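Colleague: Can you keep this structure in mind? I'll have questions shortly.
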Amino acid sequence: MNELQCRALYREAFSDPDNTFENKLFAHCFCYCRTREIQGETLSMLFALPCTVSGKSQMYEAYYVYAVATKREHRRKGHAAALLADLKREGRPLFLIPADEPLRRYYQKLGFVDCPPAADPSTGFTATPTDGFARLVQSEPLESAPPRSILFYGGQTPLPAPLYFPYGME
């Protein structure tokens, strides 16, 4: 996995005018980056950021899927779907916040379901960042309102609804 190629792909897909957040993300969380490569070229990537989801006497490890990106010329060829399929095979529940409605529909086609966002931690389950991901969000402000949409893929894990996760990072 080539960090320079991943950074270039991140910049192609996301806006960060002065690279401030990009630098924090890669400094604290590059070890969680997953890539799909062909002949040494990074075609697609995502971050599988570790979280603990807890509530109602249940607790489990999950991944917050973040910054899913595919090079423009390689889109619509199944590279991001393959990365997500690899994560699903690991058995941890996954959740993500789609940037827009077309992405929401795309993830739903891949088996993700709507998970109502909670306005505060007392109303359901709480996803808490762990490891390097926790160090990243300590320096980022919390979102004041719940995200517009959370999607969840749990395999055998029941849907943790509603889910409190105030880290938008966008």
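Chain identifiers are assigned as A, B, and so on, following the order in which chains appear in the structure tokens; residues are numbered from 1 within each chain, and ligands are numbered from 1 in order of appearance.
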Using only C-alpha atoms, which protein or nucleic acid residues come within 7 Å of range 50-62 of chain A? Drop anything in the same chain fewer than 2 positions from it, and give the result as an MDAnalysis selection string.

Modeller: chainID A and resid 48 64 92:94 124:130 133

Colleague: Could you list, with a cut-off of 8 Å and counting only C-alpha atoms, the residues of range 105-167 of chain A near range 17-34 of chain A, each shown with its nearest atom pair and the distance in Å rounded to one decimal, rows sorted by chain and ascending number, as CSV?

Modeller:
residue,atom,partner,partner_atom,distance
A:Gly132,CA,A:His28,CA,5.1
A:Phe133,CA,A:Cys29,CA,6.0
A:Arg135,CA,A:His28,CA,6.7
A:Leu136,CA,A:His28,CA,5.9

Colleague: Fewer than 5 positions away in the same chain doesn't count, so skip those; otherwise give me all residues within 7 Å of Thr70 in chain A, counting only C-alpha atoms, as a JSON list (two decimals) with C-alpha atoms, in the first residue's frame.

Modeller:
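Saved result, result-v6.json, follows:
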[["chain", "number", "residue", "atom", "x", "y", "z"],
["A", 43, "LEU", "CA", -7.45, 2.08, -7.70],
["A", 44, "SER", "CA", -9.71, 2.33, -4.68],
["A", 45, "MET", "CA", -9.39, 2.88, -0.94],
["A", 75, "ARG", "CA", -15.21, 3.86, -11.13],
["A", 80, "ALA", "CA", -15.12, -0.14, -3.80]]

Colleague: Given the choices A:Lys88, A:Pro166, A:Arg72, A:Glu101, which gets closest to Gly154 in chain A if the distance is worked out from only C-alpha atoms?

Modeller: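 Going through A:Lys88, A:Pro166, A:Arg72, A:Glu101 one by one, the smallest distance to Gly154 in chain A is for A:Lys88.
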
Colleague: Pick out the closest residue to Ala8 in chain A from this set: A:Ala161, A:Ala69, A:Leu151, A:Leu103. Count only C-alpha atoms.

Modeller: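 Answer, going by the shortest atom-to-atom distance: A:Ala69.
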
Colleague: Would you work out the distance separating CA of Gly155 in chain A from CA of Glu90 in chain A, expressed in Å to one decimal?

Modeller: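 So the answer is 10.2 Å.
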
Colleague: Extract the full set of strand (DSSP E) residues from chain A according to DSSP on the backbone, and format it as a PyMOL selection string.

Modeller: chain A and resi 33-38+41-55+58-70+94-96+113-115+125-129+150-153+163-164

Colleague: Identify all residues of range 34-166 of chain A in alpha helix (DSSP H) (DSSP on the backbone) and supply them as a list in words.

Modeller: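 For range 34-166 of chain A, the alpha helix (DSSP H) set is His79, Ala80, Ala81, Ala82, Leu83, Leu84, Ala85, Asp86, Leu87, Lys88, Arg89, Glu90, Glu101, Pro102, Leu103, Arg104, Arg105, Tyr106, Tyr107, Gln108, Lys109, Asp131, Gly132, Phe133, Ala134, Arg135, Leu136, Val137 and Gln138 of chain A.
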
Colleague: Taking only C-alpha atoms into account, which of A:Leu96, A:Phe152, A:Tyr106, A:Leu163 comes nearest Arg76 in chain A?

Modeller: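 Answer, going by the shortest atom-to-atom distance: A:Tyr106.
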
Colleague: Which is closest to Arg148 in chain A among A:Pro160, A:Ile97, A:Tyr167, A:Pro102, if we use only C-alpha atoms?

Modeller: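 Among the listed residues, A:Ile97 lies closest to Arg148 in chain A.
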
Colleague: For the atom pair CA of Ser122 in chain A and CA of Phe95 in chain A, what is the interatomic distance in Å to one decimal place?

Modeller: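 CA of Phe95 in chain A lies 19.4 Å from CA of Ser122 in chain A.
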
Colleague: When distances are computed from only C-alpha atoms, which of A:Ala118, A:Val137, A:Leu87, A:Ala67 shows the smallest separation from Tyr164 in chain A?

Modeller: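 Among the listed residues, A:Ala118 lies closest to Tyr164 in chain A.
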